[in-house]
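**Student:** Would you mind keeping the following structure in view while I ask a few things?
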Amino acid sequence: MVTHQELVSCVGWTTAEELYSCSDDHQIVKWNLLTSETNQIVKLPDDIYPIDLHWFPKSLGIKKQTQAESFVLTSSDGKFHLISKLGRVEKSVEAHCGAVLAGRWNYEGTALVTVGEDGQIKIWSKTGMLRSTLAQQEKVLYTAGKQLIIKPLQPNAKVLQWKAHDGIILKVDWNSVNDLILSAGEDCKYKVWDSYGRPLYNSQPHEHPITSVAWAPDGELFAVGSFHTLRLCDKTGWSYALEKPNTGSIFNIAWSIDGTQIAGACGNGHVVFAHVVEQRWEWKNFQVTLTKRRTMQVRNVLNDAVDLLEFRDRVIKASLNYAHLVVSTSLQCYVFSTKNWNTPLIFDLKEGTVSLILQAERHFLLVDGGGIYLYSYEGRFISSPKFPGMRTDILNAQTVSLSNDTIAIKDKADEKIIFLFEASTGKPLGDGKLLSHKNEILEIALDQKGLTNDRKIAFIDKNRDLYITSVKRFGKEEQIIKLGTMAHTLAWSDTCNILCGLQDTRFTVWYYPNTVYVDRDILPKTLYEKDASEFSKNPHIVSFVGNQVTIRRADGSLVHISISPYPAILHEYVSSSKWEDAVRLCRFVKEQTLWACLAAMAVANRDMTTAEIAYAAIGEIDKVQYINSMKDLPSKESKMAHILMFSGNIQEAEIVLLQAGLVYQAIQININLYNWERALELAVKYKTHVDTVLAYRQKFLETFGKQETNKRYLQYAEGLQIDWEKIKAKIEMEITKERERSSSSQSTKNVGPKH
């Protein structure tokens with residue numbers, strides 16, 4: 001068995017079971033984890049002391065390689081070397097004066113960046129030629145002493161620089177999935193930053209300098225290495241585990257491609273391997289734990305029944321929700337129902353490693369390097385949405401969302417855009433319009449219940465504002481409406497469309513977010529708010545199941561909050577049009593919040609009788625009067641138009657009236673709203689009631705003692721005598737005509753042909 005005699009400086013995986021390590025003893029050694037064998041690949045010349053190694057990225061798209069074929073090795077003699085998998089040095093390039101401290105390929109493998117002791121950063125082509133033109137759209141993160149610097153490669157772009165540590169920064173890593181930065185310093189601390197340089201986590205000082213940090217590929221975990229120390233942390237910074245292996249300092253950490261294990265390059269010549277186990281998933285009364293690489297334990301906490309699930313290959317990802325456990329191994333996908341753990345449904349996976357599993361009530365989504373695949377819980381393939389320039393390896397639970405009928409994906413190339421797809425076909429939704437916002441979007445979430453036509457999406461943008469908008473995008477652009485500010489995390493309930501979120505120091509529940517489309521004034525009355533200071537800094541909502549919200553605090557502990565069960569029952573009644581039951585529930589609970597929700601739900605469903613009762617209960621007297629006045633309207637079109645106006649949809653109200661041929665009524669609603677321009681425009685267009693509009697305008701001006709200045713009004717008023725008697729008679733006639741029309745249409749309905 002080949003081992004290193006000197007310090008190991010760097011390690012890198014080719015496949016999930018094979019690793020290369022380089023050492024100051026000039027050897028490059030290959031480790032096979034399946035057979036536990038090691039082989040020397042090549043002995044480098046004695047003057048080459050390796051410092052950093054990075055495998056060339058696997059080619060993307062159609063020509064998928066199962067493993068990397070070559071790597072860059074930087075060394076202390078100021079050169080970098082391009083070396084093949086078999087150990088042949090293809091090329092050595094003089095790069096820097098002094099040691100080349102690091103070398104990194106970009107995502108596509110089109111460029112290599114190196115940094116040297118001479119303080120220079122250089123960019124090279126794939127073949128090792130120095131490039132003067134830099135790839136656009138990319139940024140380089142580098143350290144200068146205690147400073148971290150992000151330099152965009154576009155010319156004249158602003159450079160971001162901040163002091164990150166009190167000692168020299170020894171290692172950095174930047175994850176493309178969560179866009180977070182890790183830094184490790186001689187001040188014995190490691191820190192997590194966002195890409196704007198804002199600190200998210202700051203560790204306690206350790207006994208020794210932190211010599212290595214590395215993100216897991218999916219950005220959910222990271223590893224930290226120090227003297228005799230290996231630590232596994234959550235992306236928010238708190239520690240899952242601390243090991244004290246006898247390794248000396250760990251100089252370099254590499255995660256395997258599937259994110260299940262790490263290798264560390266140790267100062268005493270060893271390579272340390274560690275597997276991630278004890279991961280946990282919880283849903284209702286079930287708790288699933290990954291006990292070994294190929295074994296899971298399921299506990300039902302109600303009766304303490306325990307089931308063991310054995311897998312053929314190692315478990316890579318799992319998700320437990322909606323009464324199903326979905327597990328992906330390196331080659332297969334298993335679907336278990338919580339009713340029966342003994343007979344999983346198993347199917348083979350197309351591509352490589354699954355990086356994300358998302359579940360909805362009817363189906364689930366698998367994401368891997370090659371694409372996004374939607375399957376039913378019976379294991380049937382449903383669809384695979386695609387869009388140009390799609391990068392699936394950087395998607396996570398914040399940037400993809402799934403409901404029973406819709407898939408939403410936030411794009412990385414333009415972060416202001418959300419792509420929307422129909423789940424059943426994988427085709428773009430509706431007329432294929434994208435959802436675009438004025439700012440970059442951080443997190444998206446689709447609501448889970450209700451009709452496809454009412455599907456809503458909530459999202460948080462980089463200003464931490466929370467917005468909601470409608471997903472069905474035929475014709476008219478739906479408004480994007482702001483629901484709240486300072487939002488850090490959000491989640492929809494899995495049983496009804498209730499949204500919860502953490503806003504600065506408050507935990508907020510929007511019992512009926514749709515209120516913003518119906519009657520924005522009463523939105524504050526439909527909320528539940530609670531002080532969130534007990535969750536400390538940067539808490540995160542893990543799940544919202546039934547009326548239980550689970551929040552993870554910054555120190556890793558879980559807090560469970562129960563919210564009132566009544567709003568969910570109200571949603572249930574309203575979705576099955578049980579209005580009397582809904583009113584009875586509100587009378588029983590006697591809460592303003594519930595009445596306000598019912599008022600908005602009733603208006604949204606055009607049930608004005610219930611709306612009147614609910615508005616009266618919350619003391620909105622003006623609205624009760626307006627609803628009452630609607631009862632006397634002669635035709636159903638007029639009633640419909642006034643309901644639309646009640647929700648602020650004035651244009652739609654006008655369209656309804658004009659389509660029904662009720663031109664006078666359309667003019668009248670514009671007069672009532674003082675939309676004088678539009679009222680005159682309609683009167684002139686339909687050649688009717690011009691004198692009515694002018695009469696009301698004159699009365700309006702006289703009331704305020706003003707003179708007419710509008711040119712159009714002056715033009716039409718010339719030589720026109722206003723006769724109020726005549727106008728009133730005309731209006732009476734219009735109303736009588738409308739009444740007769742609606743009664744005649746009623747009677748034709750009643751006296752229909754008999755079968």
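Each chain in the structure tokens gets a letter, A, B, ..., in the order shown, and its residues are numbered from 1; ligands are numbered from 1 in order too.
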For Ser92 of chain A, list every protein, DNA or RNA residue within 9 Å, evaluated using only C-alpha atoms, and leave out those in the same chain fewer than 5 positions away; present the list as an MDAnalysis selection string.

**Tutor:** chainID A and resid 79:83 128

**Student:** Counting only C-alpha atoms, figure out which residue out of A:Ser575, A:Thr550, A:Thr15, A:Ser384 gets nearest to Ile407 of chain A.

**Tutor:**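 Among A:Ser575, A:Thr550, A:Thr15, A:Ser384, it is A:Ser384 that comes nearest to Ile407 of chain A.
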
**Student:** Of the candidates A:Pro388, A:Pro57, A:Pro152, A:Gly264, which one gets nearest to Val11 of chain A if we count only C-alpha atoms?

**Tutor:** A:Gly264

**Student:** Env of Lys146 of chain A: 12 Å cut, atoms = only C-alpha atoms, seq-sep filter 6 positions within chain, self excluded. Answer as number ranges by chain.

**Tutor:** A: 161-172, 183-187

**Student:** From a DSSP pass on the backbone, collect the residues of segment 338-373 of chain A flagged as strand (DSSP E or B) and hand them back as an MDAnalysis selection string.

**Tutor:** chainID A and resid 340:348 354:359 363:368 371:373

**Student:** Please report as JSON lines every residue of segment 315-362 of chain A lying within 12 Å of segment 545-549 of chain A, along with the nearest atom pair and their distance in Å (one decimal), using only C-alpha atoms.

**Tutor:**
{"residue": "A:Leu320", "atom": "CA", "partner": "A:Val545", "partner_atom": "CA", "distance": 11.7}
{"residue": "A:Asn321", "atom": "CA", "partner": "A:Val545", "partner_atom": "CA", "distance": 8.9}
{"residue": "A:Tyr322", "atom": "CA", "partner": "A:Val545", "partner_atom": "CA", "distance": 9.1}
{"residue": "A:Ala323", "atom": "CA", "partner": "A:Val545", "partner_atom": "CA", "distance": 11.3}

**Student:** What's around segment 650-663 of chain A at 7 Å? Count only C-alpha atoms, leave out sequence neighbours fewer than 5 positions away in its own chain, and write the answer as a VMD selection string.

**Tutor:** chain A and resid 637 to 638 641 to 642 644 to 645

**Student:** Quick one: residues within 7 Å of Ser75 of chain A, only C-alpha atoms counted, chain neighbours fewer than 6 positions away excluded, as a VMD selection string?

**Tutor:** chain A and resid 48 to 51 99 to 100

**Student:** Could you name the residues that touch segment 247-262 of chain A at 7 Å or less, counting only C-alpha atoms, but leaving out those on the same chain fewer than 3 positions away, as number ranges by chain?

**Tutor:** A: 9-13, 15-16, 211-214, 216-217, 225-228, 265-268, 270, 273-276, 316, 353

**Student:** With C-alpha atoms retained, could you export that selection as a PDB file, in the first residue's frame?

**Tutor:**
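And here's out.pdb as it stands now:
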ATOM      1  CA  SER A   9      -1.032  19.475   0.482  1.00  0.00           C
ATOM      2  CA  CYS A  10      -4.071  18.859  -1.722  1.00  0.00           C
ATOM      3  CA  VAL A  11      -6.723  16.280  -2.649  1.00  0.00           C
ATOM      4  CA  GLY A  12      -9.385  15.977  -5.382  1.00  0.00           C
ATOM      5  CA  TRP A  13     -12.070  13.445  -6.345  1.00  0.00           C
ATOM      6  CA  THR A  15     -15.577   9.954  -9.116  1.00  0.00           C
ATOM      7  CA  ALA A  16     -17.512   9.366  -5.927  1.00  0.00           C
ATOM      8  CA  THR A 211      -6.344  25.839   7.560  1.00  0.00           C
ATOM      9  CA  SER A 212      -9.159  24.698   5.267  1.00  0.00           C
ATOM     10  CA  VAL A 213     -12.834  25.236   4.472  1.00  0.00           C
ATOM     11  CA  ALA A 214     -14.974  23.689   1.730  1.00  0.00           C
ATOM     12  CA  ALA A 216     -20.566  20.661  -0.099  1.00  0.00           C
ATOM     13  CA  PRO A 217     -21.638  20.704  -3.768  1.00  0.00           C
ATOM     14  CA  GLY A 225     -10.280  21.766   8.963  1.00  0.00           C
ATOM     15  CA  SER A 226      -7.727  22.812  11.580  1.00  0.00           C
ATOM     16  CA  PHE A 227      -4.979  21.150  13.682  1.00  0.00           C
ATOM     17  CA  HIS A 228      -6.315  17.705  14.737  1.00  0.00           C
ATOM     18  CA  ALA A 265      -5.107  16.420   3.151  1.00  0.00           C
ATOM     19  CA  CYS A 266      -3.248  16.090   6.435  1.00  0.00           C
ATOM     20  CA  GLY A 267      -0.015  17.548   7.707  1.00  0.00           C
ATOM     21  CA  ASN A 268       1.224  14.162   8.968  1.00  0.00           C
ATOM     22  CA  HIS A 270      -2.277  10.869   5.945  1.00  0.00           C
ATOM     23  CA  PHE A 273     -11.908  10.188   4.809  1.00  0.00           C
ATOM     24  CA  ALA A 274     -15.233  10.992   6.463  1.00  0.00           C
ATOM     25  CA  HIS A 275     -18.833  10.106   5.572  1.00  0.00           C
ATOM     26  CA  VAL A 276     -21.854  12.260   6.336  1.00  0.00           C
ATOM     27  CA  ILE A 316     -27.340  10.499  -1.644  1.00  0.00           C
ATOM     28  CA  THR A 353     -26.140  12.364  -8.942  1.00  0.00           C
TER      29      THR A 353
END

**Student:** Select, from A:Gln287, A:Thr495, A:Thr229, A:Gln40, the residue with the minimum atom-to-atom distance to His208 of chain A, counting only C-alpha atoms.

**Tutor:**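 Result for the nearest residue to His208 of chain A: A:Thr229.
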
**Student:** Which value, in Å to one decimal, gives the distance between atom CA of Thr329 of chain A and atom CA of Phe311 of chain A?

**Tutor:** 7.8 Å

**Student:** What lies within 12 Å of Ile735 of chain A using only C-alpha atoms, ignoring chain neighbours under 6 positions off, as JSON, numbers by chain?

**Tutor:** {"A": [632, 633, 634, 635, 638, 662, 663, 664, 665, 668, 728, 729, 741, 742]}

**Student:** Keeping only C-alpha atoms, write the selected residues as a PDB file, in the first residue's frame.

**Tutor:**
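part_28.pdb, freshly written:
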ATOM      1  CA  ASP A 632     -80.962  47.592  -5.766  1.00  0.00           C
ATOM      2  CA  LEU A 633     -79.059  47.461  -9.039  1.00  0.00           C
ATOM      3  CA  PRO A 634     -81.353  46.373 -11.852  1.00  0.00           C
ATOM      4  CA  SER A 635     -79.193  43.843 -13.764  1.00  0.00           C
ATOM      5  CA  SER A 638     -74.337  46.080 -13.066  1.00  0.00           C
ATOM      6  CA  LEU A 662     -74.867  49.351 -20.754  1.00  0.00           C
ATOM      7  CA  VAL A 663     -73.004  52.409 -22.047  1.00  0.00           C
ATOM      8  CA  TYR A 664     -74.683  54.915 -19.729  1.00  0.00           C
ATOM      9  CA  GLN A 665     -73.774  52.855 -16.668  1.00  0.00           C
ATOM     10  CA  GLN A 668     -71.756  56.912 -14.831  1.00  0.00           C
ATOM     11  CA  LYS A 728     -82.906  63.058 -15.442  1.00  0.00           C
ATOM     12  CA  ALA A 729     -85.642  61.715 -17.705  1.00  0.00           C
ATOM     13  CA  ARG A 741     -83.854  43.843 -20.247  1.00  0.00           C
ATOM     14  CA  SER A 742     -82.801  41.854 -17.211  1.00  0.00           C
TER      15      SER A 742
END

**Student:** DSSP on the backbone: what in segment 373-546 of chain A comes out helix (DSSP H, G or I), as a list in words?

**Tutor:**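 In segment 373-546 of chain A, DSSP puts these residues in helix (DSSP H, G or I): Thr392, Asp393, Ile394, Thr452, Asn453, Asp454, Thr515, Val516, Tyr517, Val518, Arg520, Asp521, Ile522, Leu523, Pro524, Lys525, Thr526, Ser533, Glu534 and Phe535 of chain A.
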
**Student:** At what distance in Å, to one decimal, does atom CA of Gly379 of chain A lie from atom CA of Lys456 of chain A?

**Tutor:**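 Distance between the two atoms: 27.4 Å.
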